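Reviewing the structure listed below.
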Amino acid sequence: MTTLWAVSDLHAAVKANTPQIDAIEPKDPSDWLIVAGDVAERHDLIVRTMAKLAQRFDTVIWVPGNHELFSRSADRHRGRDKYTALVQSMREMGVITPEDPYPVFGGVTVCPLFTLYDYSFRGPGMSVEDAVEAARKRNIMMTDEFAIAPFVDVRAWCWDRLAYTTKRLSRISGPTILINHWPLVQEPTLKMRWSEIALWCGTRHTRSWPQRYNAQAVVYGHLHMPGVMQVDGIKHIEVSLGYPREWEPRLERPPVPFPYPVMEVDQ
């Protein structure tokens, strides 16, 4: 059997995560691996980590998360430029990105996506500014506001990505597996302890994509709440590792396997 595995939120800068990353191995040399974002923050560490995984698996597919986009004023690449630089590095090692032709696994088109967020997972009747200010007053503020937003208009970039991605997905016929760092629907965010964090967790404009583009499954990360949720009859699978304080309590009874076997086909 050839297996399509999936992981996300490896956070390779955390030393305690290194053994977990080192344990990500194929069962067969023909196996594929999805890495659904948040590998690390620094370009060099992202590349080193992905290079190790690319050497182990026949095919590796990557989508960026918010941590890949984190920048500092002194960095060479920031905002959109950092994403462009990462795509180039991935291509040089043979890793498939959201800018490349979608590969086909066992007759299913595997679609790496990059959609960002636009603060639309917010309460009814609230403007973006009101929602962010309400979160700020509760001392709930994602690092994105200091490490991504100063270098790019996140909402405008999100809307650009939505237009670009729908154009590409509309050309596909047959079943798909959709991969994104942020969930494509809002339902998984409703289980979070602090609802305000949902502001940085996706966009309402992807809500219809799983049905519209014939998804057999949706793979995502970001929330650090691994599990499987059925939405409109489609599996939405979070495949996050997360931080040690999150994954260590799950070692004896993990909610889902890690890596997660998304699909298997006969060789």
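Residues are named by chain letter and number: chains run A, B, ... in the order of the structure tokens, numbers start at 1 in each chain, and ligands are numbered from 1 in the order shown.
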Got a sec: who's within 10 Å of segment 89-98 of chain A, counting only C-alpha atoms, leaving out chain neighbours fewer than 5 positions off, as JSON, numbers by chain?
-> {"A": [33, 34, 43, 44, 46, 47, 50, 51, 53, 54, 55, 58, 59, 60, 61, 62, 63, 64, 83, 84, 103, 111, 112, 113, 114, 115, 165, 179, 180]}
List every residue of segment 82-226 of chain A that DSSP, applied to the backbone, labels as strand (DSSP E or B), and write the result as a list in words.
->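 Going through segment 82-226 of chain A, the strand (DSSP E or B) residues come out as Ile96, Val104, Phe105, Val108, Thr109, Val110, Cys111, Pro112, Thr176, Ile177, Leu178, Ile179, Ala215, Gln216, Ala217, Val218, Val219 and Tyr220 of chain A.
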Considering only C-alpha atoms, return as an MDAnalysis selection string whatever protein or nucleic-acid residues lie within 9 Å of Met192 of chain A, sequence-local ones (same chain, fewer than 4 positions apart) excluded.
-> chainID A and resid 188 196:198 223 225
Could you please write out, as a ChimeraX atom specification, every residue of segment 123-164 of chain A that DSSP assigns to helix (DSSP H, G or I)?
-> /A:128-137,144-147,149-151,154-164
Could you check which of A:Met263, A:Ala40, A:Leu10, A:Ile177 is closest to Ile234 of chain A, using only C-alpha atoms?
->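 Using only C-alpha atoms, Ile234 of chain A sits closest to A:Ile177.
Note that the spacing between atom CA of Leu162 of chain A and atom CA of Arg80 of chain A amounts to 15.0 Å.
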Between atom CA of Asp160 of chain A and atom CA of His77 of chain A, what is the spacing in Å?
->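 Those two atoms sit 19.6 Å apart.
Each of A:Ser173, A:Ser240, A:Gln267, A:Thr3 was compared to Gly65 of chain A using only C-alpha atoms, and A:Ser240 turns out to be the nearest.
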Length of the atom CA of Thr109 of chain A to atom CA of Gly174 of chain A vector [Å] |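 Going from atom CA of Thr109 of chain A over to atom CA of Gly174 of chain A covers 7.6 Å.
Neighbouring residues of His224 of chain A at 9 Å or closer, counting only C-alpha atoms and skipping chain neighbours under 2 positions away, are Ser8, Asp9, Gly221, His222, Pro226, Glu238, Val239, Ser240, Leu241, Gly242, Tyr243, Glu246 and Trp247 of chain A.
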For the residues selected in the previous step, produce a file with N, CA and C atoms as an mmCIF file, in the first residue's frame.
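Heads up, here's the output in out07.cif:
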```
data_model
loop_
_atom_site.group_PDB
_atom_site.id
_atom_site.type_symbol
_atom_site.label_atom_id
_atom_site.label_comp_id
_atom_site.auth_asym_id
_atom_site.auth_seq_id
_atom_site.Cartn_x
_atom_site.Cartn_y
_atom_site.Cartn_z
ATOM 1 N N SER A 8 0.878 18.685 10.669
ATOM 2 C CA SER A 8 0.960 20.145 10.638
ATOM 3 C C SER A 8 1.480 20.633 11.983
ATOM 4 N N ASP A 9 1.776 21.923 12.043
ATOM 5 C CA ASP A 9 2.166 22.589 13.296
ATOM 6 C C ASP A 9 3.294 21.847 14.005
ATOM 7 N N GLY A 221 -4.647 22.546 9.979
ATOM 8 C CA GLY A 221 -3.955 22.577 11.262
ATOM 9 C C GLY A 221 -4.374 23.795 12.054
ATOM 10 N N HIS A 222 -3.386 24.524 12.583
ATOM 11 C CA HIS A 222 -3.543 25.847 13.184
ATOM 12 C C HIS A 222 -4.151 25.859 14.580
ATOM 13 N N PRO A 226 -6.119 18.412 17.363
ATOM 14 C CA PRO A 226 -6.242 17.346 16.373
ATOM 15 C C PRO A 226 -7.512 16.528 16.562
ATOM 16 N N GLU A 238 -8.014 17.743 11.442
ATOM 17 C CA GLU A 238 -6.885 18.537 11.936
ATOM 18 C C GLU A 238 -5.760 17.597 12.332
ATOM 19 N N VAL A 239 -4.545 17.895 11.826
ATOM 20 C CA VAL A 239 -3.419 16.975 11.963
ATOM 21 C C VAL A 239 -2.249 17.618 12.716
ATOM 22 N N SER A 240 -2.549 18.553 13.624
ATOM 23 C CA SER A 240 -1.522 19.313 14.335
ATOM 24 C C SER A 240 -0.737 18.466 15.332
ATOM 25 N N LEU A 241 0.559 18.774 15.439
ATOM 26 C CA LEU A 241 1.360 18.327 16.570
ATOM 27 C C LEU A 241 1.203 19.333 17.709
ATOM 28 N N GLY A 242 1.643 20.582 17.466
ATOM 29 C CA GLY A 242 1.503 21.628 18.469
ATOM 30 C C GLY A 242 2.702 21.687 19.403
ATOM 31 N N TYR A 243 2.490 22.230 20.590
ATOM 32 C CA TYR A 243 3.555 22.404 21.576
ATOM 33 C C TYR A 243 3.540 21.260 22.583
ATOM 34 N N GLU A 246 0.769 20.584 24.867
ATOM 35 C CA GLU A 246 -0.468 20.123 24.226
ATOM 36 C C GLU A 246 -0.378 18.655 23.851
ATOM 37 N N TRP A 247 0.758 18.237 23.249
ATOM 38 C CA TRP A 247 0.806 16.858 22.763
ATOM 39 C C TRP A 247 1.242 15.837 23.823
#
```
Residue among A:Trp157, A:Phe151, A:Phe105, A:Trp194 lying closest to Asp266 of chain A, counting only C-alpha atoms |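 Residue with the minimum atom-to-atom distance to Asp266 of chain A: A:Phe105.
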